[in-house]
Every structure is written in structure tokens, then in C-alpha cells.
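my_file-v4.cif (mmCIF, C-alpha atoms and all ligand atoms)
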data_protein
#
loop_
_atom_site.label_atom_id
_atom_site.label_comp_id
_atom_site.auth_asym_id
_atom_site.auth_seq_id
_atom_site.Cartn_x
_atom_site.Cartn_y
_atom_site.Cartn_z
CA MET V 1 -18.87 201.84 -31.88
CA VAL V 2 -20.92 199.14 -30.16
CA GLU V 3 -20.81 199.25 -26.39
CA THR V 4 -20.62 195.87 -24.71
CA VAL V 5 -22.79 195.61 -21.65
CA VAL V 6 -21.60 193.23 -18.99
CA GLU V 7 -23.79 191.59 -16.44
CA PHE V 8 -22.79 192.22 -12.81
CA LYS V 9 -23.87 192.39 -9.21
CA VAL V 10 -21.78 194.48 -6.84
CA LYS V 11 -22.55 196.57 -3.78
CA ASP V 12 -22.40 200.02 -5.33
CA PRO V 13 -21.12 200.85 -8.84
CA SER V 14 -20.53 204.47 -7.83
CA LEU V 15 -17.54 203.36 -5.73
CA ALA V 16 -15.58 202.81 -8.96
CA GLU V 17 -13.42 205.92 -8.67
CA LYS V 18 -12.28 205.03 -5.17
CA GLY V 19 -11.58 201.51 -6.43
CA GLN V 20 -9.49 202.86 -9.27
CA ARG V 21 -7.15 204.62 -6.83
CA GLN V 22 -6.76 201.35 -4.88
CA VAL V 23 -5.96 199.37 -8.00
CA GLU V 24 -3.45 201.97 -9.20
CA TRP V 25 -1.78 201.77 -5.78
CA ALA V 26 -1.59 197.97 -6.10
CA PHE V 27 -0.21 198.14 -9.64
CA SER V 28 2.48 200.60 -8.54
CA HIS V 29 3.82 197.81 -6.29
CA MET V 30 3.51 195.04 -8.88
CA PRO V 31 6.35 195.61 -11.35
CA VAL V 32 6.45 192.07 -12.77
CA LEU V 33 2.73 191.99 -13.48
CA ARG V 34 3.03 195.43 -15.12
CA ILE V 35 5.63 194.04 -17.52
CA LEU V 36 3.36 191.08 -18.34
CA LYS V 37 0.41 193.43 -18.85
CA GLU V 38 2.34 195.47 -21.39
CA LYS V 39 3.41 192.33 -23.21
CA PHE V 40 -0.13 190.93 -23.13
CA SER V 41 -1.48 194.20 -24.56
CA LYS V 42 0.91 193.93 -27.46
CA ASP V 43 0.73 190.19 -28.20
CA GLN V 44 -2.95 189.55 -27.35
CA PRO V 45 -2.29 185.94 -26.27
CA LEU V 46 -5.75 185.62 -24.70
CA LYS V 47 -7.79 187.03 -27.54
CA GLY V 48 -11.33 185.64 -27.47
CA VAL V 49 -10.61 183.49 -24.41
CA ARG V 50 -13.38 183.34 -21.81
CA ILE V 51 -12.18 183.06 -18.22
CA ALA V 52 -14.37 182.26 -15.22
CA ALA V 53 -12.56 183.28 -12.04
CA CYS V 54 -13.34 182.74 -8.36
CA MET V 55 -10.83 184.81 -6.42
CA HIS V 56 -10.72 187.21 -3.46
CA VAL V 57 -11.92 190.46 -5.05
CA THR V 58 -9.03 192.64 -3.89
CA LYS V 59 -7.03 195.43 -5.48
CA GLU V 60 -4.33 192.90 -6.39
CA THR V 61 -6.81 190.51 -8.02
CA ALA V 62 -8.13 193.50 -9.96
CA ALA V 63 -4.60 194.11 -11.26
CA LEU V 64 -4.52 190.49 -12.44
CA MET V 65 -7.96 190.72 -14.07
CA LEU V 66 -6.96 193.88 -15.93
CA THR V 67 -3.79 192.15 -17.11
CA LEU V 68 -5.79 189.22 -18.49
CA LYS V 69 -8.24 191.61 -20.09
CA ALA V 70 -5.38 193.55 -21.67
CA GLY V 71 -4.34 190.23 -23.23
CA GLY V 72 -7.74 189.95 -24.91
CA ALA V 73 -9.67 187.81 -22.40
CA GLU V 74 -13.32 188.12 -21.52
CA ILE V 75 -13.76 187.65 -17.79
CA ALA V 76 -16.45 186.81 -15.25
CA LEU V 77 -15.33 187.06 -11.63
CA SER V 78 -16.92 185.91 -8.38
CA ALA V 79 -15.60 186.07 -4.81
CA SER V 80 -13.72 183.16 -3.24
CA ASN V 81 -14.84 184.11 0.25
CA PRO V 82 -18.13 185.76 1.35
CA LEU V 83 -16.30 188.41 3.40
CA SER V 84 -13.14 189.20 1.43
CA THR V 85 -14.52 191.44 -1.32
CA GLN V 86 -13.36 195.05 -1.49
CA ASP V 87 -16.54 196.71 -2.77
CA ASP V 88 -14.82 199.71 -4.36
CA VAL V 89 -12.51 197.43 -6.32
CA ALA V 90 -15.46 195.31 -7.50
CA ALA V 91 -17.14 198.49 -8.77
CA TYR V 92 -14.00 199.59 -10.61
CA LEU V 93 -13.73 196.25 -12.40
CA VAL V 94 -17.33 196.57 -13.57
CA SER V 95 -16.50 200.02 -14.97
CA ASN V 96 -13.78 198.21 -16.95
CA LYS V 97 -16.32 195.82 -18.50
CA ILE V 98 -15.43 192.89 -16.33
CA SER V 99 -18.43 190.90 -15.20
CA VAL V 100 -18.24 190.84 -11.38
CA PHE V 101 -20.57 189.04 -8.98
CA ALA V 102 -19.26 189.90 -5.52
CA TRP V 103 -19.91 192.05 -2.49
CA LYS V 104 -18.67 191.98 1.08
CA GLY V 105 -21.03 190.06 3.38
CA MET V 106 -22.66 187.62 0.96
CA ASN V 107 -24.74 184.86 2.56
CA PRO V 108 -24.01 181.23 1.55
CA ARG V 109 -26.74 181.14 -1.11
CA GLU V 110 -25.55 184.42 -2.65
CA TYR V 111 -21.97 183.18 -2.53
CA TYR V 112 -22.71 180.06 -4.61
CA TRP V 113 -25.12 181.96 -6.87
CA ALA V 114 -22.26 184.33 -7.73
CA ILE V 115 -19.92 181.44 -8.53
CA ALA V 116 -22.57 179.91 -10.80
CA LYS V 117 -23.05 183.27 -12.56
CA ALA V 118 -19.31 183.49 -13.21
CA ALA V 119 -19.29 179.88 -14.46
CA SER V 120 -22.12 180.63 -16.87
CA ILE V 121 -19.69 182.57 -19.10
CA LYS V 122 -18.98 179.11 -20.67
CA PRO V 123 -15.31 179.28 -19.84
CA HIS V 124 -12.27 178.15 -21.79
CA VAL V 125 -10.20 178.60 -18.65
CA THR V 126 -11.14 178.49 -14.96
CA MET V 127 -9.20 180.35 -12.27
CA ASP V 128 -9.83 179.39 -8.68
CA ASP V 129 -8.74 180.18 -5.14
CA GLY V 130 -9.88 177.29 -2.95
CA ALA V 131 -11.48 175.26 -5.79
CA ASP V 132 -15.14 176.19 -5.12
CA LEU V 133 -15.70 177.07 -8.79
CA THR V 134 -13.92 174.01 -10.16
CA VAL V 135 -15.75 171.72 -7.75
CA MET V 136 -19.13 173.23 -8.70
CA ILE V 137 -18.40 172.66 -12.39
CA HIS V 138 -17.38 169.06 -11.65
CA LYS V 139 -20.60 168.45 -9.71
CA ILE V 140 -22.68 169.75 -12.62
CA VAL V 141 -20.83 167.69 -15.22
CA HIS V 142 -20.74 164.52 -13.10
CA GLU V 143 -24.39 165.14 -12.08
CA SER V 144 -23.49 164.41 -8.47
CA SER V 145 -26.49 166.29 -6.96
CA GLU V 146 -24.83 166.83 -3.62
CA GLY V 147 -24.52 169.97 -1.51
CA ILE V 148 -25.64 173.58 -1.61
CA ASP V 149 -23.16 174.38 -4.42
CA TRP V 150 -24.78 171.79 -6.70
CA GLU V 151 -28.29 172.85 -5.66
CA ILE V 152 -27.71 176.49 -6.56
CA GLY V 153 -25.39 175.81 -9.48
CA SER V 154 -27.84 173.44 -11.17
CA GLU V 155 -30.50 176.18 -11.31
CA ILE V 156 -28.27 178.24 -13.60
CA LEU V 157 -25.77 175.86 -15.15
CA ASP V 158 -25.90 173.08 -17.64
CA LYS V 159 -23.13 170.56 -18.34
CA LYS V 160 -22.99 171.65 -21.99
CA MET V 161 -21.57 175.00 -20.81
CA PHE V 162 -18.34 173.27 -19.83
CA LYS V 163 -17.39 171.36 -22.95
CA ASP V 164 -14.88 173.99 -24.09
CA ILE V 165 -12.67 174.12 -20.98
CA TYR V 166 -8.99 173.72 -21.87
CA GLY V 167 -7.77 173.88 -18.29
CA GLY V 168 -7.82 175.72 -14.99
CA THR V 169 -5.53 177.26 -12.41
CA GLU V 170 -5.58 177.01 -8.62
CA GLU V 171 -4.15 179.66 -6.32
CA THR V 172 -4.02 178.11 -2.87
CA THR V 173 -2.84 175.05 -0.91
CA THR V 174 -6.35 173.98 0.14
CA GLY V 175 -7.60 174.15 -3.44
CA VAL V 176 -4.68 172.08 -4.70
CA ILE V 177 -5.43 169.42 -2.06
CA ARG V 178 -9.10 169.29 -3.15
CA LEU V 179 -8.23 169.05 -6.84
CA LYS V 180 -5.61 166.35 -6.29
CA ALA V 181 -8.33 164.39 -4.44
CA LEU V 182 -10.63 164.77 -7.47
CA TYR V 183 -7.82 163.50 -9.68
CA LYS V 184 -7.21 160.50 -7.41
CA GLU V 185 -10.88 159.59 -7.63
CA GLY V 186 -10.50 159.63 -11.41
CA LYS V 187 -12.98 162.49 -11.70
CA LEU V 188 -10.84 165.44 -12.80
CA LEU V 189 -12.19 166.70 -16.12
CA PHE V 190 -9.45 169.02 -17.32
CA PRO V 191 -5.81 169.87 -16.52
CA ILE V 192 -5.13 172.14 -13.55
CA ILE V 193 -2.06 174.24 -13.01
CA ALA V 194 -1.31 174.44 -9.31
CA VAL V 195 -0.05 178.02 -9.17
CA ASN V 196 0.35 177.56 -5.42
CA ASP V 197 3.13 175.05 -6.04
CA SER V 198 5.40 177.50 -7.86
CA LEU V 199 8.40 178.43 -5.74
CA THR V 200 7.84 182.12 -6.47
CA LYS V 201 4.33 181.63 -5.04
CA PHE V 202 4.42 179.53 -1.89
CA MET V 203 7.82 180.59 -0.56
CA PHE V 204 6.79 184.23 -0.65
CA ASP V 205 2.98 184.58 -0.65
CA ASN V 206 2.30 181.79 1.85
CA ARG V 207 5.20 182.74 4.11
CA PHE V 208 5.84 186.49 3.97
CA GLY V 209 2.40 187.41 2.65
CA THR V 210 0.33 185.52 5.23
CA GLY V 211 2.96 186.12 7.90
CA GLN V 212 2.33 189.84 7.65
CA SER V 213 -1.32 189.99 6.60
CA ALA V 214 -2.59 187.60 9.30
CA ILE V 215 -0.90 189.71 11.99
CA ASP V 216 -2.23 192.82 10.23
CA GLY V 217 -5.78 191.41 10.40
CA ILE V 218 -5.47 190.56 14.10
CA LEU V 219 -4.12 194.01 14.91
CA ARG V 220 -6.73 195.89 12.87
CA ALA V 221 -9.48 193.81 14.50
CA THR V 222 -8.26 194.12 18.08
CA ASN V 223 -5.48 196.71 18.40
CA ILE V 224 -3.83 194.52 21.06
CA LEU V 225 -0.15 194.69 21.98
CA LEU V 226 1.62 191.60 20.67
CA ALA V 227 4.79 192.10 22.70
CA GLY V 228 4.82 189.74 25.67
CA LYS V 229 1.78 187.76 24.52
CA ASN V 230 1.74 183.98 24.29
CA VAL V 231 0.85 183.35 20.67
CA VAL V 232 -0.06 179.81 19.63
CA VAL V 233 0.29 179.01 15.92
CA ALA V 234 -1.32 175.76 14.76
CA GLY V 235 0.43 174.42 11.67
CA TYR V 236 4.08 174.89 10.70
CA GLY V 237 3.74 174.75 6.93
CA TRP V 238 4.76 177.78 4.89
CA VAL V 239 1.85 179.84 6.23
CA GLY V 240 2.34 178.88 9.89
CA ARG V 241 6.07 179.51 9.59
CA GLY V 242 5.49 183.00 8.25
CA ILE V 243 3.08 183.86 11.05
CA ALA V 244 5.30 182.38 13.76
CA TRP V 245 8.39 184.31 12.65
CA ARG V 246 6.51 187.59 12.35
CA ALA V 247 4.82 187.16 15.75
CA ARG V 248 8.22 186.47 17.27
CA GLY V 249 9.49 189.63 15.60
CA MET V 250 6.75 191.59 17.37
CA GLY V 251 7.98 190.29 20.73
CA SER V 252 5.47 187.49 21.30
CA ARG V 253 6.37 184.17 22.92
CA VAL V 254 5.39 181.73 20.20
CA THR V 255 4.24 178.13 20.62
CA ILE V 256 3.81 175.84 17.61
CA VAL V 257 1.24 173.03 17.47
CA GLU V 258 2.10 170.61 14.67
CA ALA V 259 0.97 167.08 13.76
CA ASP V 260 3.90 166.29 11.47
CA PRO V 261 6.85 165.13 13.62
CA ILE V 262 9.45 166.48 11.20
CA LYS V 263 7.90 169.94 11.07
CA ALA V 264 7.48 169.88 14.87
CA LEU V 265 11.17 169.11 15.23
CA GLU V 266 12.08 171.85 12.78
CA ALA V 267 10.01 174.37 14.76
CA TYR V 268 11.72 173.21 17.97
CA TYR V 269 15.21 173.75 16.54
CA GLU V 270 14.17 177.09 15.15
CA GLY V 271 13.72 178.07 18.77
CA PHE V 272 9.96 177.85 19.14
CA ASN V 273 8.11 176.25 21.99
CA VAL V 274 6.39 173.13 20.60
CA ALA V 275 3.36 171.61 22.30
CA SER V 276 0.11 169.72 21.76
CA MET V 277 -3.06 171.80 21.47
CA ASP V 278 -4.11 170.41 24.85
CA GLU V 279 -1.04 171.96 26.47
CA ALA V 280 -1.08 175.11 24.36
CA ALA V 281 -4.77 175.78 25.11
CA GLU V 282 -3.87 176.57 28.72
CA ILE V 283 -1.13 179.09 27.99
CA GLY V 284 -2.20 180.93 24.84
CA ASP V 285 -3.36 184.55 24.78
CA VAL V 286 -3.79 184.51 20.98
CA PHE V 287 -4.41 181.42 18.83
CA ILE V 288 -3.91 181.41 15.06
CA THR V 289 -4.78 178.36 12.94
CA ALA V 290 -2.99 177.64 9.67
CA THR V 291 -3.33 173.91 9.09
CA GLY V 292 -5.92 173.40 6.32
CA ASN V 293 -7.62 170.87 8.61
CA ILE V 294 -10.88 170.80 10.56
CA ASP V 295 -11.55 171.15 14.32
CA VAL V 296 -7.99 172.09 15.17
CA ILE V 297 -9.32 174.09 18.13
CA ARG V 298 -12.44 172.46 19.58
CA LYS V 299 -14.60 172.04 22.69
CA GLU V 300 -11.97 170.36 24.89
CA HIS V 301 -9.56 173.21 24.09
CA PHE V 302 -12.07 176.05 24.60
CA GLU V 303 -12.71 174.58 28.06
CA LYS V 304 -9.04 174.86 29.00
CA MET V 305 -8.42 178.37 27.69
CA LYS V 306 -7.55 181.41 29.77
CA ASP V 307 -10.12 184.14 30.24
CA GLY V 308 -9.85 186.60 27.35
CA ALA V 309 -8.22 184.25 24.82
CA ILE V 310 -8.36 185.54 21.23
CA LEU V 311 -8.91 183.12 18.32
CA ALA V 312 -8.16 183.76 14.65
CA ASN V 313 -7.89 181.61 11.54
CA ALA V 314 -5.51 182.10 8.62
CA GLY V 315 -6.42 178.92 6.70
CA HIS V 316 -8.57 179.06 3.58
CA PHE V 317 -11.82 177.64 5.06
CA ASN V 318 -13.65 178.51 8.27
CA VAL V 319 -13.36 174.96 9.60
CA GLU V 320 -10.18 175.09 11.69
CA ILE V 321 -11.80 176.63 14.76
CA ALA V 322 -14.92 174.60 15.64
CA VAL V 323 -17.17 177.66 15.78
CA SER V 324 -20.40 175.64 16.03
CA GLN V 325 -19.10 173.97 19.21
CA LEU V 326 -18.20 177.38 20.62
CA GLU V 327 -21.71 178.60 19.78
CA GLU V 328 -23.24 175.58 21.56
CA MET V 329 -21.12 176.02 24.67
CA ALA V 330 -21.62 179.77 25.00
CA VAL V 331 -24.23 181.20 27.35
CA GLU V 332 -23.88 184.60 25.74
CA LYS V 333 -22.59 185.93 22.45
CA LYS V 334 -22.16 189.49 21.27
CA LYS V 335 -20.29 191.46 18.67
CA ILE V 336 -18.03 193.94 20.42
CA ARG V 337 -15.99 195.39 17.55
CA GLU V 338 -16.39 195.09 13.79
CA HIS V 339 -14.52 191.81 13.52
CA VAL V 340 -14.56 190.65 17.14
CA SER V 341 -17.26 188.41 18.67
CA LEU V 342 -17.32 187.71 22.38
CA TYR V 343 -18.42 184.28 23.62
CA VAL V 344 -19.06 183.80 27.34
CA LEU V 345 -18.72 180.21 28.56
CA PRO V 346 -20.83 178.76 31.45
CA ASN V 347 -17.92 179.25 33.89
CA GLY V 348 -17.91 182.96 33.03
CA LYS V 349 -14.76 182.82 30.88
CA LYS V 350 -14.61 185.10 27.85
CA ILE V 351 -13.34 183.94 24.47
CA TYR V 352 -12.98 186.33 21.52
CA LEU V 353 -13.37 185.05 17.97
CA LEU V 354 -12.07 187.19 15.10
CA ALA V 355 -13.65 187.44 11.65
CA GLU V 356 -16.13 184.61 12.40
CA GLY V 357 -13.24 182.15 12.12
CA ARG V 358 -12.76 183.00 8.44
CA LEU V 359 -9.47 184.09 6.85
CA VAL V 360 -8.52 186.90 9.24
CA ASN V 361 -6.09 188.54 6.81
CA LEU V 362 -8.67 189.04 4.07
CA VAL V 363 -11.67 189.76 6.28
CA ALA V 364 -10.19 192.14 8.86
CA ALA V 365 -7.34 193.49 6.69
CA GLU V 366 -6.68 193.71 2.94
CA GLY V 367 -5.05 190.35 2.26
CA HIS V 368 -1.40 190.09 1.31
CA PRO V 369 0.58 193.14 0.28
CA SER V 370 0.76 193.83 -3.44
CA GLU V 371 4.50 193.13 -3.57
CA VAL V 372 4.05 189.39 -2.95
CA MET V 373 0.85 189.13 -4.97
CA ASP V 374 2.96 190.50 -7.83
CA MET V 375 4.72 187.14 -8.02
CA SER V 376 1.65 184.96 -7.28
CA PHE V 377 -0.41 186.68 -9.95
CA SER V 378 2.40 186.74 -12.51
CA ASN V 379 2.37 182.96 -12.09
CA GLN V 380 -1.40 183.03 -12.66
CA ALA V 381 -1.10 185.10 -15.83
CA LEU V 382 1.64 182.85 -17.23
CA ALA V 383 -0.31 179.73 -16.22
CA VAL V 384 -3.28 180.89 -18.32
CA LYS V 385 -0.95 181.53 -21.23
CA LEU V 386 0.55 178.05 -20.84
CA ILE V 387 -2.90 176.40 -20.74
CA LEU V 388 -3.67 178.01 -24.09
CA LYS V 389 -0.32 177.04 -25.56
CA LYS V 390 -0.81 173.39 -24.51
CA LYS V 391 -4.50 173.30 -25.36
CA GLY V 392 -5.65 169.73 -26.05
CA ARG V 393 -2.25 168.28 -25.21
CA LEU V 394 -2.43 167.98 -21.42
CA ARG V 395 -4.40 165.12 -19.93
CA PRO V 396 -6.52 165.93 -16.85
CA ALA V 397 -4.08 166.02 -13.94
CA VAL V 398 -2.62 168.57 -11.54
CA TYR V 399 0.53 170.21 -12.89
CA ARG V 400 3.16 172.67 -11.71
CA LEU V 401 4.54 175.47 -13.82
CA PRO V 402 8.00 174.70 -15.22
CA ARG V 403 11.07 175.88 -13.33
CA SER V 404 11.89 178.25 -16.21
CA ILE V 405 8.75 180.33 -15.42
CA ASP V 406 9.70 180.49 -11.73
CA GLU V 407 13.15 181.69 -12.69
CA ARG V 408 11.80 184.23 -15.14
CA ILE V 409 9.56 185.73 -12.46
CA ALA V 410 12.37 185.75 -9.88
CA LYS V 411 14.72 187.47 -12.33
CA LEU V 412 12.17 190.14 -13.23
CA LYS V 413 11.45 190.74 -9.54
CA LEU V 414 15.15 191.06 -8.69
CA LYS V 415 15.62 193.48 -11.56
CA ALA V 416 12.69 195.60 -10.40
CA LEU V 417 14.15 195.62 -6.90
CA GLY V 418 17.53 196.69 -8.28
CA VAL V 419 19.21 193.63 -6.76
CA SER V 420 22.09 191.95 -8.58
CA TYR V 421 22.63 188.23 -8.33
CA GLU V 422 25.73 186.27 -9.16
CA LYS V 423 26.28 184.65 -12.55
CA LEU V 424 28.43 181.52 -12.80
CA THR V 425 31.45 181.60 -15.05
CA GLU V 426 31.69 178.96 -17.77
CA LYS V 427 34.43 177.26 -15.76
CA GLN V 428 32.23 177.18 -12.60
CA ARG V 429 29.26 175.79 -14.49
CA LYS V 430 31.40 173.05 -16.04
CA TYR V 431 32.92 172.24 -12.65
CA LEU V 432 29.47 171.60 -11.18
CA GLU V 433 28.58 169.36 -14.10
CA SER V 434 31.84 167.46 -14.08
CA TRP V 435 31.06 165.06 -11.20
CA LYS V 436 30.60 161.73 -12.86
CA VAL V 437 31.12 158.12 -11.82
N1 LIG L 501 -4.48 186.09 -1.30
N2 LIG L 501 -4.85 187.02 -2.16
C1 LIG L 501 -4.60 188.19 -1.58
N3 LIG L 501 -4.32 190.54 -1.67
O1 LIG L 501 -5.39 189.49 -3.29
N4 LIG L 501 -4.14 188.00 -0.37
C2 LIG L 501 -4.06 186.67 -0.19
C3 LIG L 501 -4.81 189.47 -2.24
C4 LIG L 501 -4.55 184.67 -1.64
C5 LIG L 501 -3.24 183.94 -1.36
O2 LIG L 501 -2.54 183.76 -2.56
C6 LIG L 501 -3.68 182.63 -0.74
O3 LIG L 501 -3.12 181.52 -1.39
C7 LIG L 501 -5.19 182.67 -0.84
O4 LIG L 501 -5.52 184.04 -0.85
C8 LIG L 501 -5.96 181.96 0.26
O5 LIG L 501 -7.32 181.96 -0.05
#
Let's see the structure in the file written out as C-alpha cells.
Amino acid sequence: MVETVVEFKVKDPSLAEKGQRQVEWAFSHMPVLRILKEKFSKDQPLKGVRIAACMHVTKETAALMLTLKAGGAEIALSASNPLSTQDDVAAYLVSNKISVFAWKGMNPREYYWAIAKAASIKPHVTMDDGADLTVMIHKIVHESSEGIDWEIGSEILDKKMFKDIYGGTEETTTGVIRLKALYKEGKLLFPIIAVNDSLTKFMFDNRFGTGQSAIDGILRATNILLAGKNVVVAGYGWVGRGIAWRARGMGSRVTIVEADPIKALEAYYEGFNVASMDEAAEIGDVFITATGNIDVIRKEHFEKMKDGAILANAGHFNVEIAVSQLEEMAVEKKKIREHVSLYVLPNGKKIYLLAEGRLVNLVAAEGHPSEVMDMSFSNQALAVKLILKKKGRLRPAVYRLPRSIDERIAKLKLKALGVSYEKLTEKQRKYLESWKV
């Protein structure tokens, strides 16, 4: 037998055994993905397909990668955040002949180098969380010569490597926004399936997943008592909603800051305090951003904050809290716990920043629980299968998965949970369809 050797760069390959136990734990909570893995093993729908993936290297992502591999795919994986990699999991994937370029604590150059290495597999399919991989590929093909990603990517990549791409998938809201912008500019090169936009993704992962994991990250980083605290949540999309409801459940007084008047009104009638960031800055003990936008908390807000305010971000990029402004204002900065940095302002006030303003749930905790990632990553696996089925027949645009896939995943999940749902009788179904003019 010929052994295939895969190229990789991880922190420590000897962590593989520990990683294996983590991945088995994740799989044991991912019944839908387990069913798909078995089916993929049998049918080999991804045989000979090369996938370049840029995802958080977690135990759940490992379960997805092993599912794709079971279906016959060849995979190269890089991290989608410099701090979110679980090093033991990365090692375990390498021991399974998956090409991984990821370790916790990469610097920006290493981060983009790793993405370029994953892209150099000459992919048929791309899989992204935040669109850094897809954007790098577009910069190489369009020869845009802009930014650190192009600079590093162009040392390793060549536009010819990307002529066989059938399509790509995108996991998260921010990535979908970026790719839709590329499409609008007329620059999108291949079809993208916005996995984020599946109902069985965003209603569960974004809401219950982030709702729990962001709080988990804040608690692991600080060990504060949430009961009685004034918690300010910026953004009342699916992520903000999840965080707000969970913080309320822990006994916090929750204030929502929202720029969309309809969402602000919704938050108000759901019983939350609603305020501008200017107002909220003065009352908050803990601030959590979940907007997808830049400078949501900035200089004028830091100036108004109470002594001891704690800041965390749950959005994909580290742009929501204006960290560089905080750095400029501070007269002193020091790390006081693993994921807590103290900034002292000229007036002596202390502000604590968690996880450097990066995704607190993936940096200070383990990301979303496996149970919700089960549905997100089942959507990913089926999206890859769909890209192959439709190969050459989808024009470059951003697509959603069909409703039938959402329903299939929901049904499998309900079955695994042992929950029955109601079936309409023929008479009921006809009744609903009988309203005509
Ligand atoms: N996310 N992945 C995990 N445990 O692997 N946790 C969160 C995990 C994803 C989630 O789907 C979200 O859309 C994205 O991270 C934000 O980067």
C-alpha cells in the first residue's frame, strides 16, 4: 500500500490522541452529521473532489472534515481566526491525512500564509467562514494587488490554480455580506451557497449557539457574576437576540443598542431596555457587540464608561470595538488573566477588554456547542454535495439551499431528539390549499 503524505503545519502533532477524544465527544452530539457521514462513506459523492476550507479549527469542524473525507474528498484546512484553533483537534486531523495549516495564536502573516497554503490544493470547492479564503482567491484571479492577503497569497498562488472551482460555501453572516458585495460589483467568479442563510443554520447556530457560547466565553475569561449586572448588547439580529435572551436568563438587566428602528422596536416590546450607545455607555457593566459593523464602541463611548467596564465582541471580525482608539487613549495596559486585558484611561478609569476584541466565544471558550453545529455542518456537507450535482449549471451568484434540505435536516434532528411533530391529514392539507379567488 502507498502511504499518502500530507503537508501540514500545526502546533504539536503529538496532541492527536487528545484531539481524537474531543472529536469523538463532538460526534456523539451530532446525530444528523453522523447519518450523513455514513451515507457519504457508502455513496462516495465527493470522490476525487479537492476542498480548500477556511474554518474555525474546532472539534465540530473536525467532525465535518471527517464527514467530507469519508465521502471521498481531499481536504486542505486553514483557520478562519488566528485565535480560534484547538491545537489538539488540528493534530488529530493531520493524523487522519487532512492537510491542516492552523495553530492557536497565529500572527497576521502566518494567518494569511495558512489560507494560501490551503488554497494551493487547487480546489474544486471552497468552504469559508468569513470569506477570507474566497476573497484571497478573487484577489489573485482579478490581480487586484491590494492588502496583506494578496501580498502573501501571491507569493504562493497563481490564478491558474483556480480554474477548476465549481463553487463555494459560506458559513457566516459577515462572509455572506462580503460575497454579496463581490457579486454586486460583478466580480464573483463562481457560485456560492450561503449556508448561513439556511433556516436550520441561522435560527439555531446564530441564536442559541452564540447566545450560549458568547456568555460561556465571557464567564470563562472573567468568572464574573452575571446576575444583577447591566449588560449592553449591540445588535439585535439573530446573534444579538440570542445573547440578550441568555443574559436575561442569567439575571442581568439587558439594554439593546440597535440602528434598525424595526429591530429596536422589537427589542423594546420583548421587554428589553433600548438605548443609543451614548446612553448605554454610562450604565453598562458588560458590553457585547454583535453587529457585523465597525467602531460600534469607540473613543466617545470609552470616555463615558463606568470604572471596571468589561468589553467583549461576538461578531466575526475584531472591528466592532475600536481597540486601536482604546490603545491610544490608555496610559497603561496589562494582561491580567489569559483573555483579559486591562486598559487604564488618563482619568484613572479601568476598562477590561476580552479576547483582544476578537470572537469571545471561540477565543475564550470552545465556540458553539456540538448540538447546534450538527445542523450548521449538515447544511455545509449537503451544500458541497449540491455544488457537485449542479456543477457547471449555476452562474456565479449567492444562493441559498432549497427548503427541502432545511426540512430534511430538521426532520432528522427531531427524530434524533425523539420528538414527534404533527402530520397534516389529507383533508387538512386540501383545506389550506383551497383558498382561491
Ligand atoms: N462557529 N463554529 C463553531 N464550534 O465549530 N462555533 C461557532 C464551532 C461558527 C458559527 O457557525 C458562526 O457562523 C461562525 O463561527 C462565526 O465565525
message: I'd like the interatomic distance between CA of Leu157 in chain V and CA of Thr174 in chain V, to a tenth of an Å.
response: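 Computing it gives 24.8 Å between the two atoms.
Reported to one decimal place, the separation of CA of Val176 in chain V from CA of Val89 in chain V is 26.6 Å.
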Among listed residues V:Val340, V:Met161, V:Val384, V:Ala410, nearest Ala194 in chain V (using all atoms listed in the file):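 Closest to Ala194 in chain V, using all atoms listed in the file: V:Val384.
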Proximity to Ile177 in chain V - best of V:Arg298, V:Lys47, V:His316, V:Lys229, all atoms listed in the file: V:His316
query: Taking (3.1, 181.0, -15.0) in the file's coordinates as the center, which residues reach within 9 Å of it, counting all atoms listed in the file, put as a VMD selection string?
result: chain V and resid 193 195 198 376 to 386 400 to 402 405 to 406 409
If I only have part of range 78-89 of chain V, can you fill in N, CA, C and O atoms and write it as a JSON list (two decimals), in the frame of the given file?
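And here's out39.json as it stands now:
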[["chain", "number", "residue", "atom", "x", "y", "z"],
["V", 78, "SER", "N", -16.15, 185.96, -9.63],
["V", 78, "SER", "CA", -16.92, 185.91, -8.38],
["V", 78, "SER", "C", -15.94, 185.86, -7.22],
["V", 78, "SER", "O", -14.75, 185.64, -7.41],
["V", 79, "ALA", "N", -16.46, 186.04, -6.00],
["V", 79, "ALA", "CA", -15.60, 186.07, -4.81],
["V", 79, "ALA", "C", -15.25, 184.66, -4.38],
["V", 79, "ALA", "O", -16.04, 183.73, -4.57],
["V", 80, "SER", "N", -14.06, 184.49, -3.75],
["V", 80, "SER", "CA", -13.72, 183.16, -3.24],
["V", 80, "SER", "C", -13.89, 183.09, -1.73],
["V", 80, "SER", "O", -13.49, 182.12, -1.10],
["V", 81, "ASN", "N", -14.50, 184.11, -1.18],
["V", 81, "ASN", "CA", -14.84, 184.11, 0.25],
["V", 81, "ASN", "C", -15.95, 185.14, 0.44],
["V", 81, "ASN", "O", -15.87, 186.23, -0.14],
["V", 82, "PRO", "N", -16.99, 184.83, 1.24],
["V", 82, "PRO", "CA", -18.13, 185.76, 1.35],
["V", 82, "PRO", "C", -17.77, 187.10, 1.99],
["V", 82, "PRO", "O", -18.53, 188.07, 1.85],
["V", 83, "LEU", "N", -16.62, 187.17, 2.68],
["V", 83, "LEU", "CA", -16.30, 188.41, 3.40],
["V", 83, "LEU", "C", -15.06, 189.13, 2.87],
["V", 83, "LEU", "O", -14.67, 190.15, 3.43],
["V", 84, "SER", "N", -14.43, 188.61, 1.82],
["V", 84, "SER", "CA", -13.14, 189.20, 1.43],
["V", 84, "SER", "C", -13.23, 190.25, 0.33],
["V", 84, "SER", "O", -12.21, 190.86, -0.04],
["V", 85, "THR", "N", -14.41, 190.50, -0.19],
["V", 85, "THR", "CA", -14.52, 191.44, -1.32],
["V", 85, "THR", "C", -14.31, 192.89, -0.89],
["V", 85, "THR", "O", -14.85, 193.34, 0.11],
["V", 86, "GLN", "N", -13.51, 193.60, -1.67],
["V", 86, "GLN", "CA", -13.36, 195.05, -1.49],
["V", 86, "GLN", "C", -14.34, 195.70, -2.47],
["V", 86, "GLN", "O", -14.16, 195.66, -3.69],
["V", 87, "ASP", "N", -15.42, 196.28, -1.93],
["V", 87, "ASP", "CA", -16.54, 196.71, -2.77],
["V", 87, "ASP", "C", -16.16, 197.79, -3.79],
["V", 87, "ASP", "O", -16.70, 197.82, -4.89],
["V", 88, "ASP", "N", -15.23, 198.67, -3.42],
["V", 88, "ASP", "CA", -14.82, 199.71, -4.36],
["V", 88, "ASP", "C", -14.07, 199.11, -5.55],
["V", 88, "ASP", "O", -14.26, 199.50, -6.70],
["V", 89, "VAL", "N", -13.27, 198.10, -5.26],
["V", 89, "VAL", "CA", -12.51, 197.43, -6.32],
["V", 89, "VAL", "C", -13.46, 196.69, -7.27],
["V", 89, "VAL", "O", -13.31, 196.74, -8.50]]
